[in-house]
$ cat work19.pdb   # PDB, C-alpha atoms and all ligand atoms
MODEL        1
ATOM      1  CA  MET A  78       3.809 -17.248 -26.644
ATOM      2  CA  PHE A  79       7.273 -15.916 -25.809
ATOM      3  CA  THR A  80       7.940 -12.539 -24.371
ATOM      4  CA  TYR A  81      11.437 -11.244 -23.784
ATOM      5  CA  LEU A  82      12.403  -9.044 -20.937
ATOM      6  CA  LEU A  83      15.605  -7.788 -19.491
ATOM      7  CA  ARG A  84      16.724  -9.179 -16.175
ATOM      8  CA  TYR A  85      19.631  -7.871 -14.154
ATOM      9  CA  THR A  86      21.628 -10.480 -12.267
ATOM     10  CA  ASP A  87      24.777  -9.312 -10.477
ATOM     11  CA  LYS A  88      24.578  -6.139 -12.543
ATOM     12  CA  ILE A  89      24.730  -8.114 -15.795
ATOM     13  CA  LEU A  90      21.809  -7.578 -18.104
ATOM     14  CA  LEU A  91      20.474 -10.945 -19.226
ATOM     15  CA  PRO A  92      17.645 -11.562 -21.643
ATOM     16  CA  ILE A  93      15.323 -14.203 -20.218
ATOM     17  CA  GLU A  94      12.560 -16.082 -21.892
ATOM     18  CA  HIS A  95       9.165 -16.038 -20.421
ATOM     19  CA  ASN A  96       6.312 -18.092 -21.784
ATOM     20  CA  LYS A  97       3.526 -16.983 -19.497
ATOM     21  CA  ALA A  98       1.196 -14.418 -20.988
ATOM     22  CA  MET A  99       0.969 -11.195 -19.043
ATOM     23  CA  ASN A 100      -2.751 -10.750 -18.799
ATOM     24  CA  GLN A 101      -3.174  -8.260 -16.045
ATOM     25  CA  ASN A 102      -2.629  -4.525 -16.411
ATOM     26  CA  TYR A 103      -2.301  -2.174 -13.449
ATOM     27  CA  LYS A 104      -3.170   1.502 -13.312
ATOM     28  CA  VAL A 105      -0.025   3.083 -11.890
ATOM     29  CA  ASN A 106      -0.174   6.629 -10.480
ATOM     30  CA  GLU A 107       3.460   6.813  -9.356
ATOM     31  CA  LEU A 108       6.601   4.800  -8.691
ATOM     32  CA  PHE A 109       9.306   6.187  -6.425
ATOM     33  CA  GLN A 110      11.888   5.081  -3.879
ATOM     34  CA  THR A 111      11.882   6.331  -0.299
ATOM     35  CA  ILE A 112      11.749   5.111   3.311
ATOM     36  CA  GLN A 113       8.575   3.385   4.498
ATOM     37  CA  GLY A 114       7.095   5.948   6.869
ATOM     38  CA  GLU A 115       4.221   3.938   8.310
ATOM     39  CA  GLY A 116       3.512   0.869  10.379
ATOM     40  CA  PHE A 117       5.630  -2.174  11.145
ATOM     41  CA  ASN A 118       8.171  -1.520   8.371
ATOM     42  CA  THR A 119       8.760   2.124   9.318
ATOM     43  CA  GLY A 120      12.361   2.997   8.479
ATOM     44  CA  VAL A 121      12.785   0.317   5.827
ATOM     45  CA  PRO A 122      13.914   1.517   2.365
ATOM     46  CA  ALA A 123      11.064   0.860  -0.037
ATOM     47  CA  ILE A 124       9.923   1.309  -3.599
ATOM     48  CA  PHE A 125       6.389   2.707  -3.599
ATOM     49  CA  LEU A 126       4.022   1.699  -6.367
ATOM     50  CA  ARG A 127       0.854   3.746  -6.087
ATOM     51  CA  LEU A 128      -2.159   2.529  -8.043
ATOM     52  CA  GLN A 129      -4.847   4.871  -9.324
ATOM     53  CA  GLY A 130      -8.485   4.535  -8.259
ATOM     54  CA  CYS A 131     -10.440   4.467  -5.006
ATOM     55  CA  ASP A 132     -14.155   4.752  -4.325
ATOM     56  CA  VAL A 133     -14.063   4.537  -0.538
ATOM     57  CA  GLY A 134     -14.138   8.277   0.114
ATOM     58  CA  CYS A 135     -12.424   8.754   3.508
ATOM     59  CA  ALA A 136     -12.906  12.461   4.333
ATOM     60  CA  TRP A 137      -9.334  12.810   5.647
ATOM     61  CA  CYS A 138      -7.605  10.842   2.867
ATOM     62  CA  ASP A 139      -4.144  12.217   2.074
ATOM     63  CA  THR A 140      -4.108  10.850  -1.487
ATOM     64  CA  LYS A 141      -7.345  12.205  -2.949
ATOM     65  CA  HIS A 142      -5.594  12.728  -6.291
ATOM     66  CA  THR A 143      -5.710   8.937  -6.749
ATOM     67  CA  TRP A 144      -9.485   8.558  -6.462
ATOM     68  CA  GLU A 145     -10.654   9.206  -9.994
ATOM     69  CA  ILE A 146      -9.623   7.169 -13.023
ATOM     70  CA  ASN A 147      -9.946   9.805 -15.710
ATOM     71  CA  PRO A 148      -9.370   8.361 -19.216
ATOM     72  CA  ASP A 149      -8.049  11.758 -20.333
ATOM     73  CA  LYS A 150      -5.247  11.474 -17.774
ATOM     74  CA  GLN A 151      -3.720   8.268 -19.110
ATOM     75  CA  THR A 152      -0.031   8.609 -19.892
ATOM     76  CA  GLU A 153       3.266   6.711 -20.136
ATOM     77  CA  LEU A 154       4.822   5.068 -17.054
ATOM     78  CA  ILE A 155       8.161   6.775 -17.613
ATOM     79  CA  LEU A 156       6.462  10.139 -16.980
ATOM     80  CA  LEU A 157       5.252   9.049 -13.531
ATOM     81  CA  THR A 158       8.405   7.635 -12.016
ATOM     82  CA  GLY A 159      11.353   8.809  -9.977
ATOM     83  CA  SER A 160       9.624  11.023  -7.422
ATOM     84  CA  SER A 161       6.222  11.506  -5.820
ATOM     85  CA  ASN A 162       4.102  13.846  -7.940
ATOM     86  CA  GLU A 163       0.542  14.016  -6.518
ATOM     87  CA  SER A 164      -0.874  14.136 -10.025
ATOM     88  CA  THR A 165      -4.069  12.528 -11.306
ATOM     89  CA  ARG A 166      -2.232  10.878 -14.201
ATOM     90  CA  TRP A 167      -1.882   7.127 -14.538
ATOM     91  CA  ALA A 168      -0.323   4.535 -16.818
ATOM     92  CA  ASN A 169      -1.757   1.161 -17.774
ATOM     93  CA  VAL A 170       1.094  -1.353 -17.496
ATOM     94  CA  ASN A 171       1.753  -4.997 -16.691
ATOM     95  CA  ALA A 172       3.938  -6.498 -13.974
ATOM     96  CA  ARG A 173       7.008  -6.976 -16.162
ATOM     97  CA  GLU A 174       6.848  -3.423 -17.441
ATOM     98  CA  ILE A 175       6.806  -2.306 -13.801
ATOM     99  CA  VAL A 176       9.854  -4.451 -12.953
ATOM    100  CA  ALA A 177      11.666  -3.198 -16.061
ATOM    101  CA  GLU A 178      11.015   0.406 -14.959
ATOM    102  CA  ILE A 179      12.274  -0.323 -11.430
ATOM    103  CA  LYS A 180      15.451  -1.780 -12.955
ATOM    104  CA  ARG A 181      15.854   1.164 -15.348
ATOM    105  CA  LEU A 182      15.616   3.550 -12.396
ATOM    106  CA  GLY A 183      18.381   1.588 -10.637
ATOM    107  CA  TYR A 184      16.543   1.398  -7.320
ATOM    108  CA  SER A 185      18.317  -0.359  -4.458
ATOM    109  CA  ALA A 186      15.456  -1.059  -2.040
ATOM    110  CA  ASN A 187      14.248  -4.647  -2.013
ATOM    111  CA  LEU A 188      10.804  -3.997  -0.545
ATOM    112  CA  VAL A 189       8.021  -2.938  -2.921
ATOM    113  CA  VAL A 190       5.032  -1.330  -1.199
ATOM    114  CA  ILE A 191       1.882  -1.409  -3.315
ATOM    115  CA  THR A 192      -0.506   1.304  -2.222
ATOM    116  CA  GLY A 193      -2.999   3.704  -3.747
ATOM    117  CA  GLY A 194      -5.685   4.644  -4.092
ATOM    118  CA  GLU A 195      -7.086   1.263  -3.244
ATOM    119  CA  PRO A 196      -4.688  -1.340  -4.668
ATOM    120  CA  CYS A 197      -7.117  -4.209  -4.106
ATOM    121  CA  LEU A 198      -9.384  -2.835  -6.823
ATOM    122  CA  ALA A 199      -6.950  -4.925  -8.871
ATOM    123  CA  ASP A 200      -6.092  -8.607  -8.586
ATOM    124  CA  LEU A 201      -2.525  -8.310  -7.275
ATOM    125  CA  ARG A 202      -1.540 -11.996  -7.547
ATOM    126  CA  GLU A 203       0.329 -11.673 -10.838
ATOM    127  CA  LEU A 204       2.110  -8.458  -9.820
ATOM    128  CA  THR A 205       3.234  -9.801  -6.436
ATOM    129  CA  THR A 206       4.256 -13.145  -7.967
ATOM    130  CA  VAL A 207       6.431 -11.436 -10.587
ATOM    131  CA  LEU A 208       7.987  -9.135  -7.968
ATOM    132  CA  HIS A 209       8.838 -12.182  -5.820
ATOM    133  CA  GLU A 210      10.306 -13.865  -8.906
ATOM    134  CA  PHE A 211      12.708 -10.899  -9.094
ATOM    135  CA  ASP A 212      13.571 -11.307  -5.387
ATOM    136  CA  PHE A 213      11.622  -8.327  -4.134
ATOM    137  CA  LYS A 214       9.693  -8.503  -0.887
ATOM    138  CA  THR A 215       6.194  -7.093  -1.163
ATOM    139  CA  GLN A 216       3.806  -5.250   1.099
ATOM    140  CA  ILE A 217       0.357  -3.902   0.334
ATOM    141  CA  GLU A 218      -1.534  -1.089   2.023
ATOM    142  CA  THR A 219      -5.261  -1.747   1.825
ATOM    143  CA  SER A 220      -8.550  -0.592   3.295
ATOM    144  CA  GLY A 221     -10.277  -3.999   3.386
ATOM    145  CA  THR A 222     -13.032  -2.837   1.063
ATOM    146  CA  TYR A 223     -12.106  -5.241  -1.758
ATOM    147  CA  PRO A 224     -10.891  -8.859  -1.650
ATOM    148  CA  VAL A 225      -7.184  -9.151  -0.900
ATOM    149  CA  LEU A 226      -5.709 -11.098  -3.837
ATOM    150  CA  VAL A 227      -1.943 -11.375  -3.371
ATOM    151  CA  ALA A 228       0.767 -14.051  -3.536
ATOM    152  CA  PRO A 229       1.187 -15.653  -0.077
ATOM    153  CA  PRO A 230       4.489 -14.088   1.138
ATOM    154  CA  THR A 231       3.060 -10.585   0.682
ATOM    155  CA  TRP A 232       2.916  -8.560   3.900
ATOM    156  CA  VAL A 233      -0.642  -7.259   4.166
ATOM    157  CA  THR A 234      -1.169  -4.005   6.031
ATOM    158  CA  LEU A 235      -4.838  -3.414   6.605
ATOM    159  CA  SER A 236      -6.135  -0.003   7.538
ATOM    160  CA  PRO A 237      -9.782  -0.972   8.002
ATOM    161  CA  LYS A 238     -12.382   1.436   6.700
ATOM    162  CA  VAL A 239     -15.429   0.546   8.765
ATOM    163  CA  ASN A 240     -18.939   1.297   7.426
ATOM    164  CA  MET A 241     -17.418   2.892   4.340
ATOM    165  CA  ARG A 242     -18.065   0.587   1.455
ATOM    166  CA  ALA A 243     -17.150  -2.997   2.173
ATOM    167  CA  GLY A 244     -19.554  -5.718   3.005
ATOM    168  CA  LYS A 245     -18.800  -7.270   6.390
ATOM    169  CA  VAL A 246     -17.625 -10.515   4.733
ATOM    170  CA  VAL A 247     -14.936  -8.799   2.662
ATOM    171  CA  LEU A 248     -13.665  -6.773   5.612
ATOM    172  CA  GLN A 249     -13.669  -9.823   7.887
ATOM    173  CA  SER A 250     -11.622 -11.919   5.461
ATOM    174  CA  ALA A 251      -9.185  -9.021   4.981
ATOM    175  CA  LEU A 252      -8.829  -8.819   8.772
ATOM    176  CA  GLU A 253      -8.075 -12.544   8.985
ATOM    177  CA  ARG A 254      -5.470 -12.286   6.186
ATOM    178  CA  ALA A 255      -3.773  -9.148   7.543
ATOM    179  CA  ASP A 256      -0.261  -9.370   8.956
ATOM    180  CA  GLU A 257      -0.663  -5.881  10.338
ATOM    181  CA  ILE A 258      -3.699  -3.833  11.324
ATOM    182  CA  LYS A 259      -2.853  -0.145  11.123
ATOM    183  CA  HIS A 260      -5.806   1.776  12.403
ATOM    184  CA  PRO A 261      -6.280   5.474  11.586
ATOM    185  CA  VAL A 262      -7.314   7.323  14.739
ATOM    186  CA  GLY A 263      -8.886  10.751  15.203
ATOM    187  CA  THR A 264     -10.854  10.298  18.426
ATOM    188  CA  GLU A 265     -11.739   7.682  21.088
ATOM    189  CA  LYS A 266     -14.559   6.456  18.868
ATOM    190  CA  ASP A 267     -11.955   5.054  16.451
ATOM    191  CA  ILE A 268     -10.385   3.003  19.251
ATOM    192  CA  GLU A 269     -13.830   1.609  20.131
ATOM    193  CA  GLN A 270     -14.366   0.743  16.478
ATOM    194  CA  LEU A 271     -11.052  -1.119  16.385
ATOM    195  CA  ASP A 272     -11.889  -3.003  19.592
ATOM    196  CA  ALA A 273     -15.148  -4.174  18.003
ATOM    197  CA  LEU A 274     -13.261  -5.428  14.941
ATOM    198  CA  LEU A 275     -10.657  -7.256  17.001
ATOM    199  CA  GLU A 276     -13.319  -8.982  19.109
ATOM    200  CA  ASN A 277     -14.516 -10.905  16.067
ATOM    201  CA  LEU A 278     -11.050 -12.040  14.995
ATOM    202  CA  LYS A 279     -10.057 -15.691  15.397
ATOM    203  CA  SER A 280      -6.628 -14.703  16.714
ATOM    204  CA  ILE A 281      -4.754 -11.448  17.138
ATOM    205  CA  GLU A 282      -1.609 -13.090  18.544
ATOM    206  CA  ASP A 283       0.106 -13.262  15.166
ATOM    207  CA  LYS A 284      -0.838  -9.724  14.057
ATOM    208  CA  VAL A 285       0.984  -6.455  14.544
ATOM    209  CA  ILE A 286      -1.396  -3.724  15.671
ATOM    210  CA  CYS A 287      -0.506  -0.090  15.015
ATOM    211  CA  LEU A 288      -2.410   3.095  15.753
ATOM    212  CA  GLN A 289      -1.889   5.891  13.247
ATOM    213  CA  PRO A 290      -2.969   9.428  14.204
ATOM    214  CA  ILE A 291      -4.967  11.069  11.418
ATOM    215  CA  SER A 292      -3.222  14.040   9.789
ATOM    216  CA  GLN A 293      -0.555  14.480  12.503
ATOM    217  CA  LYS A 294      -3.179  15.972  14.859
ATOM    218  CA  VAL A 295      -1.692  16.551  18.326
ATOM    219  CA  LYS A 296      -4.726  15.269  20.270
ATOM    220  CA  ALA A 297      -4.947  12.147  18.152
ATOM    221  CA  THR A 298      -1.205  11.539  18.508
ATOM    222  CA  LEU A 299      -1.389  11.794  22.308
ATOM    223  CA  LEU A 300      -4.405   9.472  22.369
ATOM    224  CA  CYS A 301      -2.620   6.933  20.152
ATOM    225  CA  SER A 302       0.565   6.973  22.252
ATOM    226  CA  GLN A 303      -1.406   6.526  25.478
ATOM    227  CA  VAL A 304      -3.408   3.582  24.122
ATOM    228  CA  CYS A 305      -0.307   1.993  22.552
ATOM    229  CA  ILE A 306       1.461   2.057  25.919
ATOM    230  CA  GLU A 307      -1.565   0.568  27.716
ATOM    231  CA  ARG A 308      -2.086  -2.201  25.165
ATOM    232  CA  ASN A 309       1.491  -2.836  24.014
ATOM    233  CA  TRP A 310       0.608  -1.820  20.473
ATOM    234  CA  ARG A 311       2.783   0.168  18.053
ATOM    235  CA  LEU A 312       2.560   3.863  17.274
ATOM    236  CA  SER A 313       2.725   4.759  13.567
ATOM    237  CA  VAL A 314       3.223   8.488  13.061
ATOM    238  CA  GLN A 315       3.713   8.788   9.270
ATOM    239  CA  MET A 316       7.412   9.508   9.755
ATOM    240  CA  HIS A 317       7.844  10.710   6.164
ATOM    241  CA  LYS A 318       5.547  13.670   6.825
ATOM    242  CA  TYR A 319       7.645  14.793   9.809
ATOM    243  CA  LEU A 320      10.792  14.421   7.691
ATOM    244  CA  GLY A 321       9.270  16.169   4.674
ATOM    245  CA  ILE A 322      10.211  13.315   2.342
ATOM    246  CA  ASP A 323       8.027  11.399  -0.146
TER     247      ASP A 323
HETATM  248  C1  LIG B   1      -3.581   6.533   1.257
HETATM  249  S1  LIG B   1      -3.961   4.972   1.896
HETATM  250  C2  LIG B   1      -3.863   3.952   0.452
HETATM  251  C3  LIG B   1      -4.103   2.490   0.712
HETATM  252  C4  LIG B   1      -5.530   2.077   1.049
HETATM  253  N1  LIG B   1      -6.503   2.741   0.278
HETATM  254  C5  LIG B   1      -5.801   2.269   2.529
HETATM  255  O1  LIG B   1      -6.617   3.116   2.870
HETATM  256  O2  LIG B   1      -5.179   1.534   3.310
HETATM  257  C6  LIG B   1      -2.465   4.509   2.769
HETATM  258  C7  LIG B   1      -2.512   4.667   4.259
HETATM  259  O3  LIG B   1      -2.618   6.030   4.579
HETATM  260  C8  LIG B   1      -3.549   6.176   5.622
HETATM  261  N2  LIG B   1      -4.004   7.551   5.580
HETATM  262  C9  LIG B   1      -4.627   8.199   4.584
HETATM  263  N3  LIG B   1      -4.843   9.481   4.881
HETATM  264  C10 LIG B   1      -4.341   9.672   6.123
HETATM  265  C11 LIG B   1      -4.264  10.783   6.996
HETATM  266  N4  LIG B   1      -4.750  11.973   6.648
HETATM  267  N5  LIG B   1      -3.682  10.606   8.197
HETATM  268  C12 LIG B   1      -3.200   9.399   8.561
HETATM  269  N6  LIG B   1      -3.241   8.312   7.795
HETATM  270  C13 LIG B   1      -3.804   8.442   6.579
HETATM  271  C14 LIG B   1      -4.589   5.120   5.327
HETATM  272  O4  LIG B   1      -5.412   4.812   6.432
HETATM  273  C15 LIG B   1      -3.684   3.964   4.943
HETATM  274  O5  LIG B   1      -3.205   3.328   6.090
HETATM  275  N1  LIG B   2       7.320   7.359   2.889
HETATM  276  C1  LIG B   2       6.056   6.954   2.733
HETATM  277  N2  LIG B   2       5.589   5.940   3.476
HETATM  278  C2  LIG B   2       4.307   5.542   3.260
HETATM  279  N3  LIG B   2       3.661   4.525   3.855
HETATM  280  C3  LIG B   2       2.437   4.419   3.320
HETATM  281  C4  LIG B   2       2.280   5.410   2.359
HETATM  282  C5  LIG B   2       1.070   5.502   1.510
HETATM  283  O1  LIG B   2       0.763   6.555   0.979
HETATM  284  O2  LIG B   2       0.389   4.466   1.380
HETATM  285  C6  LIG B   2       3.469   6.134   2.314
HETATM  286  C7  LIG B   2       3.978   7.240   1.548
HETATM  287  O3  LIG B   2       3.328   7.877   0.723
HETATM  288  N4  LIG B   2       5.279   7.588   1.805
HETATM  289  S1  LIG B   3      -9.471   3.881   1.277
HETATM  290 FE1  LIG B   3      -7.376   4.673   1.335
HETATM  291  S2  LIG B   3      -7.080   5.768  -0.619
HETATM  292 FE2  LIG B   3      -9.258   5.351  -0.411
HETATM  293  S3  LIG B   3     -10.087   7.222   0.459
HETATM  294 FE3  LIG B   3      -9.617   5.877   2.198
HETATM  295  S4  LIG B   3      -7.490   6.365   2.817
HETATM  296 FE4  LIG B   3      -7.848   7.273   0.773
HETATM  297 MG    MG B   4       0.983   8.514   1.850
ENDMDL
END
$ encode --input "work19.pdb" --output "structure tokens"
Amino acid sequence: MFTYLLRYTDKILLPIEHNKAMNQNYKVNELFQTIQGEGFNTGVPAIFLRLQGCDVGCAWCDTKHTWEINPDKQTELILLTGSSNESTRWANVNAREIVAEIKRLGYSANLVVITGGEPCLADLRELTTVLHEFDFKTQIETSGTYPVLVAPPTWVTLSPKVNMRAGKVVLQSALERADEIKHPVGTEKDIEQLDALLENLKSIEDKVICLQPISQKVKATLLCSQVCIERNWRLSVQMHKYLGID
């Protein structure tokens, strides 16, 4: 089977042939360009692709609008792109439709951050492979509650949700795969929980560890900065929220 899609090379629009079937659809909640505000890549221009759906149920989640996949809220991708919208709507699209929309929007960032919701509800191998084919770098933000299925160069940021939903095996393999562990912290108990997770890891030498205060709380932020200094870890403060940008 042949599908045709438009590819931009040096600003020239070229039709390319593609004979691989696009089997996988993704439930997209929003697509927008901003600055990565969290973790290792803080400050890097990035295209955010937010997928709809999450059944983990973190009480302090800042994207609760992505939890439910309501069939009545299905819409067209073009209506969900350009800026962050915090709506419950979603579009069912494949990887090449996503790339085509990124190109139509004329985005300049070369990092695509796939978040949610819980993006690993979906098998992300096809999406990340196609994005790499178009010379994008990719990063995912995941909770470790579903298997991490991504193409190898993908930067995996794991924000482990302990005792929430995942079996220990799934969380453990997500921890081993993670390039970055970005732990949400409210109180000391969260640091203890992270220590317990790190104890069981084969190696933490090759992983970036970030502490992220929950909901910009002052006490949590002070705790995170103090522990980061003691342990030589990184502080991740959700910069975009301080700047008031998406
Ligand atoms: C909204 S989640 C989506 C991706 C995935 N479900 C996860 O939890 O990693 C993206 C990131 O935001 C973090 N996050 C969510 N709500 C937060 C809050 N109120 N304060 C700080 N970080 C938060 C999560 O821990 C995760 O690192
Ligand atoms: N600027 C910006 N950076 C982010 N890093 C992770 C985000 C997320 O919601 O997953 C996020 C987000 O929503 N906006
Ligand atoms: S796993 Fe992520 S998206 Fe799901 S509830 Fe927790 S923070 Fe929110
Ligand atoms: Mg966010």
$ residues_around --input "work19.pdb" --residues "range 104-108 of chain A" --least-positions-apart "6" --cutoff "8 Å" --atoms "all atoms listed in the file" --output "list in words"
Ile124, Phe125, Leu126, Arg127, Leu128, Gln129, Gly130, Thr143, Leu154, Leu157, Thr158, Gly159, Ser160, Ser161, Asn162, Ser164, Thr165, Arg166, Trp167, Ala168, Asn169, Val170 and Gly193 of chain A
$ atom_distance --input "work19.pdb" --atom1 "atom FE1 of ligand LIG 3 (chain B)" --atom2 "CA of Lys141 in chain A"
8.7 Å
$ closest_atom_pairs --input "work19.pdb" --of "chain A" --to "ligand LIG 3 (chain B)" --cutoff "7 Å" --atoms "only C-alpha atoms and all ligand atoms" --output "tab-separated table"
residue	atom	partner	partner_atom	distance
A:Cys131	CA	B:LIG3	FE2	4.8
A:Asp132	CA	B:LIG3	FE2	6.3
A:Val133	CA	B:LIG3	FE2	4.9
A:Gly134	CA	B:LIG3	S3	4.2
A:Cys135	CA	B:LIG3	S3	4.1
A:Cys138	CA	B:LIG3	FE4	4.1
A:Asp139	CA	B:LIG3	FE4	6.3
A:Thr140	CA	B:LIG3	FE4	5.6
A:Lys141	CA	B:LIG3	FE4	6.2
A:Trp144	CA	B:LIG3	FE2	6.9
A:Gly193	CA	B:LIG3	S2	5.5
A:Gly194	CA	B:LIG3	S2	3.9
A:Glu195	CA	B:LIG3	S2	5.2
A:Thr219	CA	B:LIG3	FE1	6.8
A:Ser220	CA	B:LIG3	S1	5.0
A:Lys238	CA	B:LIG3	S1	6.6
$ atom_distance --input "work19.pdb" --atom1 "CA of Ala123 in chain A" --atom2 "CA of Leu252 in chain A"
23.8 Å
$ closest_residue --input "work19.pdb" --among "A:Ile322, A:Ile175, A:Ala136, A:Val121" --to "Gln101 in chain A" --atoms "all atoms listed in the file"
A:Ile175
$ axis_aligned_box --input "work19.pdb" --around "range 238-247 of chain A" --padding-each-side "3 Å" --output "AutoDock Vina command-line options"
--center_x -16.0 --center_y -3.8 --center_z 5.1 --size_x 13.2 --size_y 19.4 --size_z 13.3
$ resolve_selection --input "work19.pdb" --expression "the PyMOL selection byres (((not hetatm)) within 7 of (chain B and resi 2))" --output "JSON list (two decimals) with C-alpha atoms, keeping the file's coordinate frame"
[["chain", "number", "residue", "atom", "x", "y", "z"],
["A", 111, "THR", "CA", 11.88, 6.33, -0.30],
["A", 112, "ILE", "CA", 11.75, 5.11, 3.31],
["A", 113, "GLN", "CA", 8.57, 3.38, 4.50],
["A", 114, "GLY", "CA", 7.10, 5.95, 6.87],
["A", 115, "GLU", "CA", 4.22, 3.94, 8.31],
["A", 140, "THR", "CA", -4.11, 10.85, -1.49],
["A", 192, "THR", "CA", -0.51, 1.30, -2.22],
["A", 193, "GLY", "CA", -3.00, 3.70, -3.75],
["A", 218, "GLU", "CA", -1.53, -1.09, 2.02],
["A", 315, "GLN", "CA", 3.71, 8.79, 9.27],
["A", 317, "HIS", "CA", 7.84, 10.71, 6.16],
["A", 322, "ILE", "CA", 10.21, 13.32, 2.34],
["A", 323, "ASP", "CA", 8.03, 11.40, -0.15]]
$ atom_distance --input "work19.pdb" --atom1 "CA of Val176 in chain A" --atom2 "CA of Leu320 in chain A"
28.0 Å
$ resolve_selection --input "work19.pdb" --expression "the PyMOL selection byres (((chain A and resi 256) around 6) and not hetatm)" --output "list in words"
Val233, Ala255, Glu257 and Lys284 of chain A
$ residues_around --input "work19.pdb" --residues "Ala228 in chain A" --least-positions-apart "3" --cutoff "10 Å" --atoms "all atoms listed in the file" --output "PyMOL selection string"
chain A and resi 201-209+215+225+231-232
$ closest_residue --input "work19.pdb" --among "A:Gln249, A:Gln293, A:Asn240, A:Gln110" --to "Leu188 in chain A" --atoms "only C-alpha atoms"
A:Gln110
$ closest_residue --input "work19.pdb" --among "A:Tyr103, A:Tyr223, A:Phe213, A:Phe109" --to "ligand MG 4 (chain B)" --atoms "only C-alpha atoms and all ligand atoms"
A:Phe109
$ decode --input "work19.pdb" --residues "range 122-140 of chain A" --atoms "N, CA and C atoms" --output "CSV table (one decimal), in the first residue's frame"
chain,number,residue,atom,x,y,z
A,122,PRO,N,13.5,24.7,23.7
A,122,PRO,CA,12.3,24.9,22.9
A,122,PRO,C,11.7,23.5,22.6
A,123,ALA,N,10.4,23.3,22.7
A,123,ALA,CA,9.9,22.0,22.5
A,123,ALA,C,8.4,22.1,22.0
A,124,ILE,N,8.1,21.1,21.2
A,124,ILE,CA,6.7,20.9,20.7
A,124,ILE,C,6.1,19.9,21.7
A,125,PHE,N,5.0,20.3,22.3
A,125,PHE,CA,4.4,19.4,23.3
A,125,PHE,C,3.2,18.7,22.6
A,126,LEU,N,3.2,17.4,22.7
A,126,LEU,CA,2.1,16.5,22.2
A,126,LEU,C,1.5,15.9,23.4
A,127,ARG,N,0.3,16.3,23.8
A,127,ARG,CA,-0.3,15.7,25.0
A,127,ARG,C,-1.4,14.7,24.6
A,128,LEU,N,-1.2,13.5,25.1
A,128,LEU,CA,-2.2,12.4,24.8
A,128,LEU,C,-3.3,12.4,25.8
A,129,GLN,N,-4.4,12.0,25.4
A,129,GLN,CA,-5.6,11.9,26.3
A,129,GLN,C,-5.6,10.6,27.0
A,130,GLY,N,-6.0,10.6,28.2
A,130,GLY,CA,-6.2,9.3,28.9
A,130,GLY,C,-5.2,9.1,30.0
A,131,CYS,N,-5.7,8.8,31.3
A,131,CYS,CA,-4.9,8.4,32.4
A,131,CYS,C,-5.8,7.9,33.5
A,132,ASP,N,-5.4,6.7,34.0
A,132,ASP,CA,-6.2,6.1,35.1
A,132,ASP,C,-5.4,5.9,36.3
A,133,VAL,N,-4.4,6.8,36.5
A,133,VAL,CA,-3.5,6.6,37.7
A,133,VAL,C,-4.1,7.4,38.9
A,134,GLY,N,-4.6,8.6,38.6
A,134,GLY,CA,-5.4,9.3,39.7
A,134,GLY,C,-4.6,10.0,40.8
A,135,CYS,N,-3.4,10.6,40.4
A,135,CYS,CA,-2.6,11.4,41.4
A,135,CYS,C,-3.5,12.6,41.9
A,136,ALA,N,-3.7,12.7,43.2
A,136,ALA,CA,-4.6,13.7,43.7
A,136,ALA,C,-4.2,15.1,43.3
A,137,TRP,N,-2.9,15.4,43.1
A,137,TRP,CA,-2.4,16.7,42.8
A,137,TRP,C,-2.1,16.9,41.3
A,138,CYS,N,-2.6,16.0,40.5
A,138,CYS,CA,-2.3,16.1,39.1
A,138,CYS,C,-2.7,17.5,38.5
A,139,ASP,N,-1.8,18.1,37.7
A,139,ASP,CA,-2.2,19.4,37.1
A,139,ASP,C,-2.8,19.2,35.7
A,140,THR,N,-3.0,18.0,35.3
A,140,THR,CA,-3.7,17.9,33.9
A,140,THR,C,-4.9,16.9,34.0
